[in-house]
$ cat structure_33.cif   # mmCIF, C-alpha atoms
data_my_file
loop_
_atom_site.label_atom_id
_atom_site.label_comp_id
_atom_site.auth_asym_id
_atom_site.auth_seq_id
_atom_site.Cartn_x
_atom_site.Cartn_y
_atom_site.Cartn_z
CA MET A 26 70.77 1.44 102.12
CA LYS A 27 70.44 5.15 101.96
CA MET A 28 70.28 4.95 98.24
CA ASN A 29 67.43 2.38 98.37
CA LYS A 30 65.42 4.66 100.64
CA LYS A 31 65.81 7.52 98.25
CA ILE A 32 64.64 5.34 95.39
CA MET A 33 61.67 4.14 97.36
CA ALA A 34 60.78 7.71 98.31
CA ALA A 35 60.97 8.83 94.73
CA PHE A 36 58.72 5.91 93.68
CA VAL A 37 56.19 6.74 96.40
CA ILE A 38 56.13 10.37 95.34
CA LEU A 39 55.67 9.33 91.76
CA MET A 40 52.78 7.01 92.67
CA PHE A 41 51.23 9.69 94.77
CA ALA A 42 51.55 12.19 91.98
CA LEU A 43 49.99 9.78 89.52
CA SER A 44 47.09 9.05 91.83
CA VAL A 45 46.48 12.76 92.27
CA ALA A 46 46.56 13.24 88.52
CA GLY A 47 44.20 10.26 88.04
CA PHE A 48 41.82 11.79 90.46
CA VAL A 49 41.84 14.95 88.47
CA TYR A 50 41.33 13.45 84.99
CA ALA A 51 39.46 10.25 85.50
CA HIS A 52 35.70 10.58 85.23
CA TRP A 53 32.69 8.88 83.62
CA SER A 54 32.28 9.76 80.01
CA ASP A 55 29.66 9.45 77.27
CA TYR A 56 29.48 10.75 73.71
CA VAL A 57 27.18 11.99 71.06
CA GLN A 58 27.86 11.62 67.36
CA ILE A 59 26.32 13.02 64.24
CA GLU A 60 26.10 10.86 61.17
CA GLY A 61 25.39 12.85 58.06
CA THR A 62 23.61 11.37 55.02
CA VAL A 63 22.67 13.58 52.11
CA HIS A 64 20.13 12.27 49.63
CA MET A 65 20.54 14.49 46.60
CA GLY A 66 17.49 15.55 44.66
CA ASP A 67 17.25 15.60 40.92
CA LEU A 68 16.41 18.14 38.30
CA ILE A 69 14.36 16.67 35.48
CA VAL A 70 12.47 18.92 33.16
CA GLY A 71 10.64 17.50 30.18
CA ILE A 72 7.45 17.35 28.24
CA ARG A 73 4.85 15.21 29.90
CA ASP A 74 2.30 14.89 27.12
CA ILE A 75 0.74 16.52 24.10
CA LYS A 76 -2.70 17.78 24.84
CA LEU A 77 -3.81 19.40 21.62
CA ILE A 78 -2.72 19.97 18.05
CA GLU A 79 -4.78 22.64 16.40
CA ASP A 80 -4.13 24.17 13.01
CA SER A 81 -5.61 26.80 10.79
CA ASP A 82 -7.33 24.48 8.37
CA ASP A 83 -8.79 21.84 10.66
CA LEU A 84 -12.26 23.22 10.35
CA THR A 85 -12.18 23.91 6.64
CA LYS A 86 -10.28 22.06 3.99
CA ASP A 87 -7.49 20.08 5.52
CA PRO A 88 -4.64 20.07 3.02
CA CYS A 89 -1.94 20.34 5.65
CA ASP A 90 -1.27 18.06 8.59
CA THR A 91 0.99 18.35 11.58
CA THR A 92 2.22 15.36 13.52
CA VAL A 93 3.93 15.55 16.88
CA THR A 94 5.86 12.78 18.58
CA LEU A 95 7.78 12.62 21.82
CA ALA A 96 11.13 10.93 22.27
CA ASP A 97 14.08 10.63 24.63
CA PRO A 98 12.10 9.66 27.77
CA GLU A 99 13.40 9.88 31.31
CA ASP A 100 11.83 8.49 34.44
CA SER A 101 12.07 10.24 37.73
CA VAL A 102 13.51 8.05 40.46
CA HIS A 103 12.03 9.86 43.39
CA HIS A 104 8.40 9.64 42.54
CA VAL A 105 6.17 6.68 43.21
CA PRO A 106 4.90 5.74 40.72
CA PRO A 107 7.70 7.07 38.52
CA GLN A 108 6.92 10.01 36.31
CA THR A 109 8.03 9.92 32.71
CA VAL A 110 8.85 13.01 30.77
CA TYR A 111 10.31 13.39 27.31
CA HIS A 112 13.23 15.57 26.41
CA THR A 113 12.56 15.80 22.70
CA MET A 114 9.46 16.70 20.74
CA TYR A 115 9.42 16.20 16.99
CA VAL A 116 7.03 18.39 15.02
CA THR A 117 6.47 17.66 11.35
CA VAL A 118 4.32 19.79 9.09
CA ASN A 119 3.41 18.05 5.89
CA ASN A 120 2.27 19.99 2.84
CA GLY A 121 2.64 23.41 4.40
CA TYR A 122 1.61 26.61 2.73
CA PRO A 123 1.69 30.32 3.53
CA GLN A 124 -0.52 31.53 6.37
CA TYR A 125 -0.85 28.02 7.71
CA TRP A 126 -0.44 28.03 11.46
CA VAL A 127 -0.37 25.34 14.06
CA ARG A 128 -0.66 25.42 17.82
CA ILE A 129 0.64 22.55 19.91
CA GLU A 130 -0.41 22.47 23.53
CA PHE A 131 1.72 20.44 25.88
CA ASP A 132 2.59 20.14 29.53
CA LEU A 133 6.06 21.04 30.58
CA LYS A 134 6.76 19.13 33.75
CA ASN A 135 9.30 19.21 36.48
CA ALA A 136 9.60 15.51 37.20
CA GLY A 137 12.47 16.00 39.59
CA THR A 138 12.54 17.13 43.18
CA ILE A 139 14.27 20.47 42.80
CA PRO A 140 12.46 23.54 41.53
CA ALA A 141 13.63 24.46 38.07
CA HIS A 142 13.89 27.84 36.46
CA ILE A 143 13.80 28.21 32.68
CA ILE A 144 16.60 30.52 31.73
CA LYS A 145 16.83 30.31 28.00
CA VAL A 146 15.02 29.34 24.82
CA THR A 147 17.25 28.99 21.80
CA ILE A 148 16.16 28.29 18.24
CA GLU A 149 18.60 27.24 15.60
CA ASP A 150 18.55 25.88 12.11
CA ILE A 151 19.18 22.22 11.45
CA PRO A 152 21.65 21.93 8.61
CA GLY A 153 20.65 19.91 5.60
CA ASP A 154 17.57 21.45 4.07
CA GLU A 155 16.71 25.09 3.55
CA THR A 156 18.60 27.39 5.87
CA LEU A 157 16.81 29.79 8.15
CA VAL A 158 18.33 32.48 10.32
CA TRP A 159 16.45 32.69 13.59
CA VAL A 160 16.04 36.08 15.17
CA GLU A 161 14.21 37.06 18.33
CA ALA A 162 12.17 39.76 16.62
CA LEU A 163 10.18 40.65 19.72
CA PRO A 164 10.73 39.48 23.27
CA GLN A 165 10.20 35.73 23.13
CA VAL A 166 8.84 35.88 19.58
CA TRP A 167 11.12 34.45 16.93
CA GLU A 168 11.32 34.82 13.20
CA GLY A 169 13.01 32.32 10.92
CA ARG A 170 14.30 34.40 8.03
CA ASP A 171 15.65 33.62 4.63
CA PRO A 172 19.41 34.13 4.94
CA ILE A 173 19.66 35.96 1.60
CA THR A 174 16.53 38.05 1.28
CA GLY A 175 15.82 38.44 4.98
CA ASP A 176 12.17 37.63 4.31
CA PRO A 177 10.31 36.03 7.20
CA ILE A 178 9.55 32.37 6.54
CA ILE A 179 8.28 31.13 9.90
CA ASN A 180 7.05 33.05 12.94
CA LEU A 181 7.20 31.21 16.24
CA GLU A 182 6.34 31.86 19.83
CA PHE A 183 5.55 30.11 23.07
CA ARG A 184 2.41 31.06 24.88
CA PRO A 185 2.85 31.91 27.70
CA PRO A 186 6.49 32.95 27.39
CA LEU A 187 8.76 30.31 28.87
CA VAL A 188 11.84 32.19 29.93
CA CYS A 189 11.76 33.05 33.65
CA THR A 190 9.07 30.47 34.31
CA GLN A 191 9.68 28.51 37.46
CA LEU A 192 8.62 24.89 37.59
CA ASP A 193 8.07 23.42 41.01
CA PRO A 194 8.53 19.70 41.52
CA CYS A 195 5.56 17.63 40.42
CA THR A 196 4.07 20.62 38.73
CA ASP A 197 2.85 20.69 35.15
CA VAL A 198 2.94 23.99 33.36
CA PRO A 199 0.61 24.10 30.38
CA CYS A 200 2.17 25.90 27.47
CA SER A 201 1.78 26.04 23.76
CA LEU A 202 4.06 26.32 20.81
CA TRP A 203 2.58 28.35 17.97
CA PHE A 204 4.12 28.93 14.60
CA GLU A 205 2.96 30.25 11.27
CA ILE A 206 4.34 29.89 7.77
CA LYS A 207 4.74 33.26 6.11
CA GLN A 208 4.04 34.23 2.53
CA PRO A 209 7.66 34.20 1.26
CA ALA A 210 8.01 30.48 2.11
CA LEU A 211 8.87 28.56 -1.02
CA GLU A 212 6.91 25.74 -2.57
CA CYS A 213 8.24 22.19 -2.24
CA HIS A 214 10.96 23.21 0.21
CA THR A 215 11.70 21.80 3.63
CA TYR A 216 12.50 23.97 6.63
CA ASP A 217 13.98 22.44 9.78
CA PHE A 218 14.63 24.00 13.13
CA LYS A 219 15.52 22.99 16.64
CA ILE A 220 14.38 24.64 19.86
CA TYR A 221 16.29 24.25 23.10
CA ILE A 222 14.58 25.02 26.38
CA GLU A 223 17.14 25.19 29.14
CA ALA A 224 16.27 25.04 32.82
CA ILE A 225 18.55 25.23 35.83
CA GLN A 226 18.11 24.75 39.56
CA TRP A 227 15.89 27.54 40.82
CA ASN A 228 18.34 28.96 43.35
CA LYS A 229 20.98 29.60 40.72
CA ALA A 230 18.73 31.63 38.49
CA MET B 22 63.25 31.16 44.29
CA GLN B 23 62.00 30.87 40.71
CA ASN B 24 60.26 27.57 41.57
CA LYS B 25 58.39 29.22 44.40
CA LYS B 26 57.04 31.90 42.06
CA ILE B 27 55.79 29.34 39.57
CA ALA B 28 54.17 27.37 42.36
CA ALA B 29 52.49 30.53 43.63
CA ILE B 30 51.08 31.36 40.17
CA ALA B 31 49.76 27.83 39.73
CA LEU B 32 48.14 28.05 43.14
CA MET B 33 46.50 31.36 42.26
CA ILE B 34 45.10 29.93 39.00
CA ALA B 35 43.72 26.93 40.82
CA ILE B 36 42.06 29.14 43.42
CA THR B 37 40.60 31.39 40.71
CA LEU B 38 39.18 28.46 38.76
CA SER B 39 37.66 26.98 41.87
CA ILE B 40 36.01 30.31 42.62
CA PHE B 41 34.55 30.49 39.11
CA GLY B 42 33.41 26.91 39.37
CA LEU B 43 31.65 27.77 42.57
CA VAL B 44 29.92 30.68 40.86
CA TYR B 45 28.81 29.12 37.58
CA ALA B 46 28.28 25.44 38.25
CA HIS B 47 24.68 24.48 38.57
CA TRP B 48 22.40 21.64 37.77
CA SER B 49 20.64 22.00 34.49
CA ASP B 50 18.30 20.07 32.28
CA TYR B 51 16.90 20.74 28.85
CA VAL B 52 14.00 20.09 26.56
CA GLN B 53 14.35 20.29 22.82
CA ILE B 54 11.81 20.56 20.05
CA GLU B 55 12.71 19.66 16.50
CA GLY B 56 10.44 21.09 13.87
CA THR B 57 10.27 20.10 10.23
CA VAL B 58 8.08 21.93 7.77
CA ASP B 59 7.61 20.29 4.38
CA MET B 60 6.05 22.85 2.10
CA GLY B 61 3.36 21.89 -0.37
CA SER B 62 2.93 23.14 -3.92
CA LEU B 63 0.45 25.32 -5.74
CA THR B 64 0.38 24.37 -9.40
CA LEU B 65 -2.39 25.26 -11.80
CA VAL B 66 -2.17 24.00 -15.35
CA PHE B 67 -4.22 23.24 -18.40
CA ASP B 68 -5.07 19.59 -18.27
CA PRO B 69 -3.35 17.64 -21.06
CA ALA B 70 -5.70 14.74 -20.53
CA GLU B 71 -8.48 16.83 -22.02
CA PHE B 72 -9.13 16.47 -25.71
CA LEU B 73 -8.91 19.94 -27.22
CA ASP B 74 -11.72 20.93 -29.51
CA TYR B 75 -13.77 23.86 -30.68
CA ILE B 76 -16.98 24.51 -32.52
CA ASP B 77 -17.64 27.52 -34.72
CA ILE B 78 -20.76 29.23 -35.92
CA GLU B 79 -20.49 27.59 -39.29
CA GLU B 80 -20.74 24.15 -37.73
CA ILE B 81 -23.64 25.26 -35.58
CA THR B 82 -25.63 26.62 -38.50
CA GLY B 83 -24.42 23.95 -40.91
CA ASP B 84 -23.50 26.62 -43.35
CA LYS B 85 -20.29 27.12 -45.36
CA ASP B 86 -16.94 26.28 -43.81
CA VAL B 87 -14.95 29.48 -44.24
CA GLY B 88 -13.23 30.25 -40.96
CA SER B 89 -11.32 27.78 -38.86
CA ALA B 90 -9.34 27.57 -35.65
CA LYS B 91 -6.64 25.62 -33.88
CA ILE B 92 -6.21 24.99 -30.19
CA TYR B 93 -3.07 23.43 -28.73
CA TYR B 94 -0.74 23.46 -25.76
CA ASP B 95 2.48 25.40 -25.91
CA LEU B 96 4.90 22.56 -25.36
CA THR B 97 7.52 24.89 -23.96
CA SER B 98 5.25 25.64 -21.03
CA TYR B 99 5.34 22.08 -19.72
CA VAL B 100 5.08 21.91 -15.94
CA GLU B 101 5.46 18.93 -13.63
CA ASP B 102 4.60 19.09 -9.98
CA PRO B 103 7.41 17.55 -7.92
CA HIS B 104 5.05 16.33 -5.20
CA THR B 105 2.33 14.70 -7.21
CA GLY B 106 4.25 13.84 -10.35
CA LYS B 107 1.35 15.18 -12.38
CA TYR B 108 1.94 17.47 -15.28
CA GLY B 109 0.27 19.93 -17.60
CA TYR B 110 0.86 23.10 -19.53
CA ASP B 111 0.79 26.72 -18.48
CA VAL B 112 -0.09 28.03 -21.92
CA LEU B 113 -2.94 27.11 -24.21
CA VAL B 114 -2.85 28.61 -27.69
CA PHE B 115 -5.82 29.59 -29.82
CA GLU B 116 -5.32 30.41 -33.48
CA ILE B 117 -8.14 31.57 -35.69
CA TYR B 118 -7.82 31.67 -39.47
CA ASN B 119 -9.74 33.46 -42.12
CA ALA B 120 -11.99 35.14 -39.66
CA TYR B 121 -14.63 37.67 -40.65
CA PRO B 122 -17.20 39.80 -38.84
CA GLN B 123 -19.86 37.77 -37.01
CA TYR B 124 -17.70 34.68 -37.14
CA GLU B 125 -17.88 32.93 -33.77
CA VAL B 126 -15.60 30.32 -32.27
CA HIS B 127 -16.35 28.43 -29.07
CA PHE B 128 -13.38 26.76 -27.41
CA THR B 129 -15.37 24.40 -25.26
CA THR B 130 -12.79 22.14 -23.72
CA VAL B 131 -10.56 24.52 -21.82
CA THR B 132 -9.82 22.54 -18.66
CA LEU B 133 -7.93 23.73 -15.63
CA HIS B 134 -6.33 21.22 -13.32
CA ASN B 135 -4.88 21.67 -9.86
CA ILE B 136 -1.91 19.33 -9.95
CA GLY B 137 -0.37 20.70 -6.75
CA THR B 138 -1.09 19.80 -3.16
CA ILE B 139 -2.75 23.01 -1.98
CA PRO B 140 -6.30 24.06 -2.91
CA ILE B 141 -6.43 26.90 -5.41
CA HIS B 142 -8.93 29.69 -5.58
CA ILE B 143 -9.24 31.31 -9.00
CA ILE B 144 -9.49 34.99 -8.36
CA GLY B 145 -9.37 36.67 -11.71
CA ILE B 146 -8.80 36.79 -15.40
CA ASP B 147 -6.57 39.22 -17.20
CA ILE B 148 -6.99 39.75 -20.93
CA TRP B 149 -4.71 41.89 -23.01
CA ASP B 150 -3.11 42.30 -26.39
CA PRO B 151 0.67 41.81 -26.02
CA THR B 152 1.28 43.92 -29.13
CA GLY B 153 -0.63 46.90 -27.76
CA VAL B 154 -2.79 47.25 -30.88
CA LEU B 155 -6.02 46.32 -29.13
CA ASN B 156 -7.47 47.57 -25.87
CA TRP B 157 -9.60 45.53 -23.54
CA GLU B 158 -12.87 46.65 -21.99
CA TRP B 159 -14.85 44.56 -19.51
CA GLU B 160 -18.63 44.64 -19.82
CA VAL B 161 -19.31 42.10 -17.08
CA PRO B 162 -16.05 41.64 -15.21
CA PRO B 163 -15.09 38.85 -12.83
CA PRO B 164 -16.11 37.67 -10.31
CA ALA B 165 -19.29 37.34 -12.36
CA SER B 166 -19.39 34.14 -14.35
CA PRO B 167 -19.64 34.07 -17.25
CA CYS B 168 -17.66 37.26 -17.55
CA TYR B 169 -17.22 39.04 -20.83
CA GLY B 170 -15.97 42.11 -22.60
CA PHE B 171 -14.47 43.17 -25.88
CA PHE B 172 -11.29 44.28 -27.58
CA TRP B 173 -11.40 47.62 -29.35
CA LYS B 174 -9.00 49.47 -31.55
CA ASP B 175 -8.48 53.17 -31.21
CA PHE B 176 -9.13 54.02 -34.83
CA ASP B 177 -9.47 57.76 -34.28
CA GLY B 178 -6.53 57.98 -31.88
CA ASP B 179 -8.40 59.83 -29.14
CA GLY B 180 -7.34 57.34 -26.47
CA VAL B 181 -10.88 56.38 -25.47
CA TYR B 182 -13.33 53.81 -26.67
CA ASP B 183 -15.93 55.06 -29.08
CA PRO B 184 -18.82 53.01 -30.43
CA GLY B 185 -17.79 51.41 -33.69
CA GLU B 186 -14.29 50.52 -32.55
CA GLU B 187 -15.06 46.97 -31.34
CA ILE B 188 -12.94 44.22 -32.86
CA MET B 189 -14.03 41.09 -31.01
CA ASN B 190 -16.00 39.96 -28.02
CA VAL B 191 -14.60 37.45 -25.59
CA LEU B 192 -16.72 35.51 -23.11
CA ILE B 193 -15.32 33.19 -20.45
CA LYS B 194 -17.41 30.64 -18.60
CA ASN B 195 -16.85 28.82 -15.38
CA PHE B 196 -13.49 29.70 -13.95
CA VAL B 197 -13.73 32.74 -11.75
CA CYS B 198 -14.26 32.21 -8.02
CA VAL B 199 -13.97 28.49 -8.41
CA GLN B 200 -11.97 26.60 -5.84
CA LEU B 201 -10.04 23.62 -7.09
CA GLU B 202 -8.98 20.97 -4.63
CA PRO B 203 -5.73 19.14 -5.29
CA CYS B 204 -6.23 16.78 -8.25
CA GLU B 205 -9.50 18.45 -9.14
CA SER B 206 -10.15 19.94 -12.54
CA ILE B 207 -12.81 22.15 -14.05
CA LYS B 208 -13.86 22.54 -17.61
CA GLY B 209 -14.72 25.96 -18.93
CA GLU B 210 -15.23 27.70 -22.20
CA VAL B 211 -13.84 30.67 -24.08
CA ASP B 212 -16.04 32.13 -26.80
CA ILE B 213 -14.88 34.69 -29.36
CA ASP B 214 -16.88 36.49 -31.94
CA PHE B 215 -15.72 39.14 -34.34
CA LYS B 216 -17.36 42.49 -34.72
CA GLN B 217 -18.01 44.45 -37.83
CA PRO B 218 -15.13 46.97 -37.44
CA ALA B 219 -12.55 44.12 -37.51
CA GLU B 220 -10.18 44.81 -40.38
CA GLU B 221 -9.50 42.62 -43.33
CA CYS B 222 -6.16 40.85 -43.64
CA HIS B 223 -5.11 41.79 -40.14
CA THR B 224 -3.78 39.52 -37.46
CA TYR B 225 -4.88 40.19 -33.91
CA TYR B 226 -3.20 38.80 -30.83
CA PHE B 227 -4.49 38.47 -27.33
CA LYS B 228 -3.57 36.75 -24.10
CA ILE B 229 -5.81 35.47 -21.36
CA GLU B 230 -4.30 34.83 -17.97
CA ILE B 231 -6.23 32.94 -15.33
CA GLU B 232 -4.91 33.67 -11.88
CA GLY B 233 -5.27 31.30 -8.95
CA ILE B 234 -4.04 31.82 -5.43
CA GLN B 235 -3.75 29.65 -2.36
CA TRP B 236 -7.27 29.03 -1.12
CA ASN B 237 -6.79 30.51 2.33
CA LYS B 238 -5.77 33.92 1.01
CA TYR B 239 -9.12 34.49 -0.58
CA PRO B 240 -11.16 36.66 1.76
#
$ encode --input "structure_33.cif" --output "structure tokens"
Amino acid sequence: MKMNKKIMAAFVILMFALSVAGFVYAHWSDYVQIEGTVHMGDLIVGIRDIKLIEDSDDLTKDPCDTTVTLADPEDSVHHVPPQTVYHTMYVTVNNGYPQYWVRIEFDLKNAGTIPAHIIKVTIEDIPGDETLVWVEALPQVWEGRDPITGDPIINLEFRPPLVCTQLDPCTDVPCSLWFEIKQPALECHTYDFKIYIEAIQWNKA
Amino acid sequence: MQNKKIAAIALMIAITLSIFGLVYAHWSDYVQIEGTVDMGSLTLVFDPAEFLDYIDIEEITGDKDVGSAKIYYDLTSYVEDPHTGKYGYDVLVFEIYNAYPQYEVHFTTVTLHNIGTIPIHIIGIDIWDPTGVLNWEWEVPPPASPCYGFFWKDFDGDGVYDPGEEIMNVLIKNFVCVQLEPCESIKGEVDIDFKQPAEECHTYYFKIEIEGIQWNKYP
């Protein structure tokens, strides 16, 4: 009997303790939550279009012709309507001769959504035909030289200079590629070269 | 203990690489331009399609037929343009036989042909004696056309021309300051007449070089 009372007392104390604790911790509650969604932008730099091809003999005799074509297109996904830019421009000079020059005006476009910063222009020879060694003779002015004699064969520059140009999204930057064939260029030869224009996200420049 | 060291080194490398990745990784894009320049050709030749002929003073006057001449291409100077496939000769040879003072020969079918792909501007004519026996003196030099002058021989050895030392006159019509488009040709004439001081039984040599340059280098 005495034992039962003790058990009952212990149970009552326990219940009482639990009710006190419930009083302390029980309360109305509500919550707030944050759902994060990150839509990443894109970085697309390319040539939008060719605006002008002008050469030294257009207004006189016209023995030499330059053709320019665009290839390797990419559409931006963020723009409505989509913007198309081209990653490769092919320039072909047919029947070149010394002192012939050509100027190609084109729009360089940032078709993405992230500002781009042009960090580097690299010119290199394409193996196969005559070899040229490309040297940056002056800041952002290149000379393609004969690898043996060192004579200049082609002078080339971008106007305005491209390196350190920042392209904002949806912005076209007009620029022109100008090059001239120099006197030591050889008859009936073919000279090939490739120019890389590299752009990175603006905040990493 | 050894295993813990290796694990620590691997961990350090991983951390280092991740740091570098954090520093150098960035979005990038590129544009490339491929340029190809096919050079043309500048090739000036004597036109082999032209029938070579001459007329001398004896034919003109209908008199005796004493002197004579030959005109032909030097076959060793054959040139073929790789772009156009056209051909011609760099050297045209004149030979005059049994000449005498006042004998005149007119080579009337000297024809230049631009068989290249670039226009040519003819800028000048050089005349000289490859043996050094005769000296050349222009009277009306290029760019006048016709241009003419004479060869003289330094008989008295004083190093300068003196009247009475003329051997032959040479006159050239039509070539200087002419611009020849690709595939275009022009016919000219070279006239030679012998002067009284020309010596008997001698053989005289001369060369005429017609120089053309790319059209856009002519001022």
$ closest_residue --input "structure_33.cif" --among "B:Ile34, B:Ile54, B:Val211, B:Ile148" --to "chain A" --atoms "only C-alpha atoms"
B:Ile54
$ closest_atom_pairs --input "structure_33.cif" --of "chain A" --to "chain B" --cutoff "9 Å" --atoms "all atoms listed in the file" --output "tab-separated table"
residue	atom	partner	partner_atom	distance
A:Asp67	CA	B:Trp48	CA	8.5
A:Leu68	CA	B:Asp50	CA	6.6
A:Ile69	CA	B:Asp50	CA	6.1
A:Val70	CA	B:Asp50	CA	6.0
A:Gly71	CA	B:Val52	CA	5.6
A:Ile72	CA	B:Val52	CA	7.3
A:Asp82	CA	B:Asn237	CA	8.6
A:Lys86	CA	B:Pro140	CA	8.2
A:Pro88	CA	B:Ile139	CA	6.1
A:Cys89	CA	B:Ile139	CA	8.1
A:Thr91	CA	B:Val58	CA	8.8
A:Tyr111	CA	B:Val52	CA	7.7
A:His112	CA	B:Val52	CA	4.6
A:Thr113	CA	B:Gln53	CA	4.8
A:Met114	CA	B:Ile54	CA	4.6
A:Tyr115	CA	B:Glu55	CA	4.8
A:Val116	CA	B:Gly56	CA	4.5
A:Thr117	CA	B:Thr57	CA	4.7
A:Val118	CA	B:Val58	CA	4.5
A:Asn119	CA	B:Asp59	CA	5.0
A:Asn120	CA	B:Gly61	CA	3.9
A:Gly121	CA	B:Met60	CA	4.2
A:Tyr122	CA	B:Met60	CA	5.9
A:Pro123	CA	B:Gln235	CA	8.0
A:Gln124	CA	B:Asn237	CA	7.5
A:Tyr125	CA	B:Asn237	CA	8.4
A:Leu133	CA	B:Val52	CA	9.0
A:Ala141	CA	B:Ser49	CA	8.2
A:Ile143	CA	B:Tyr51	CA	8.9
A:Ile151	CA	B:Glu55	CA	8.6
A:Ile206	CA	B:Val58	CA	8.8
A:Ala210	CA	B:Met60	CA	7.9
A:Leu211	CA	B:Met60	CA	7.1
A:Glu212	CA	B:Ser62	CA	4.9
A:Cys213	CA	B:Met60	CA	4.9
A:His214	CA	B:Met60	CA	5.3
A:Thr215	CA	B:Asp59	CA	4.4
A:Tyr216	CA	B:Val58	CA	5.0
A:Asp217	CA	B:Thr57	CA	4.4
A:Phe218	CA	B:Gly56	CA	5.2
A:Lys219	CA	B:Glu55	CA	4.4
A:Ile220	CA	B:Ile54	CA	4.8
A:Tyr221	CA	B:Gln53	CA	4.4
A:Ile222	CA	B:Val52	CA	5.0
A:Glu223	CA	B:Tyr51	CA	4.5
A:Ala224	CA	B:Asp50	CA	5.4
A:Ile225	CA	B:Ser49	CA	4.1
A:Gln226	CA	B:Trp48	CA	5.6
A:Lys229	CA	B:His47	CA	6.7
$ axis_aligned_box --input "structure_33.cif" --around "segment 185-197 of chain A" --padding-each-side "4 Å" --output "AutoDock Vina command-line options"
--center_x 7.3 --center_y 25.3 --center_z 34.5 --size_x 17.0 --size_y 23.4 --size_z 22.1
$ atom_distance --input "structure_33.cif" --atom1 "atom CA of Gly153 of chain B" --atom2 "atom CA of Phe227 of chain B"
9.3 Å
$ resolve_selection --input "structure_33.cif" --expression "the PyMOL selection byres ((chain A and resi 191-203) around 9)" --output "ChimeraX atom specification"
/A:68-70,72-73,77,104,108,126-143,180-190,204-205,224,227
$ closest_residue --input "structure_33.cif" --among "B:Cys204, B:Leu133, B:Ile231, B:Tyr121" --to "Thr105 of chain B" --atoms "all atoms listed in the file"
B:Cys204
$ resolve_selection --input "structure_33.cif" --expression "the PyMOL selection byres ((chain B and resi 142) around 8)" --output "PyMOL selection string"
chain B and resi 140-141+143-144+198-201+233-236+239
$ closest_residue --input "structure_33.cif" --among "B:Met189, B:Ala219, B:Val154, B:Ile213" --to "Ile76 of chain B" --atoms "all atoms listed in the file"
B:Ile213
$ resolve_selection --input "structure_33.cif" --expression "the PyMOL selection byres ((chain B and resi 218) around 9)" --output "list of chain:residue names"
B:Pro122, B:Trp173, B:Lys174, B:Gly185, B:Glu186, B:Glu187, B:Ile188, B:Met189, B:Phe215, B:Lys216, B:Gln217, B:Ala219, B:Glu220
$ atom_distance --input "structure_33.cif" --atom1 "atom CA of Gly145 of chain B" --atom2 "atom CA of Val66 of chain B"
15.0 Å
$ atom_distance --input "structure_33.cif" --atom1 "atom CA of Thr130 of chain B" --atom2 "atom CA of Phe196 of chain B"
12.4 Å
$ residues_around --input "structure_33.cif" --residues "Val158 of chain A" --least-positions-apart "5" --cutoff "7 Å" --atoms "only C-alpha atoms" --output "PyMOL selection string"
chain A and resi 150+169-172
$ residues_near_point --input "structure_33.cif" --point "(-7.5, 15.6, -26.9)" --cutoff "12 Å" --atoms "all atoms listed in the file" --output "ChimeraX atom specification"
/B:67-75,92-94,129-132
$ residues_around --input "structure_33.cif" --residues "Tyr99 of chain B" --least-positions-apart "2" --cutoff "8 Å" --atoms "only C-alpha atoms" --output "MDAnalysis selection string"
chainID B and resid 95:97 101 108:111
$ closest_residue --input "structure_33.cif" --among "B:Glu230, B:Glu221, B:Glu79, B:Asp147" --to "Pro162 of chain B" --atoms "all atoms listed in the file"
B:Asp147
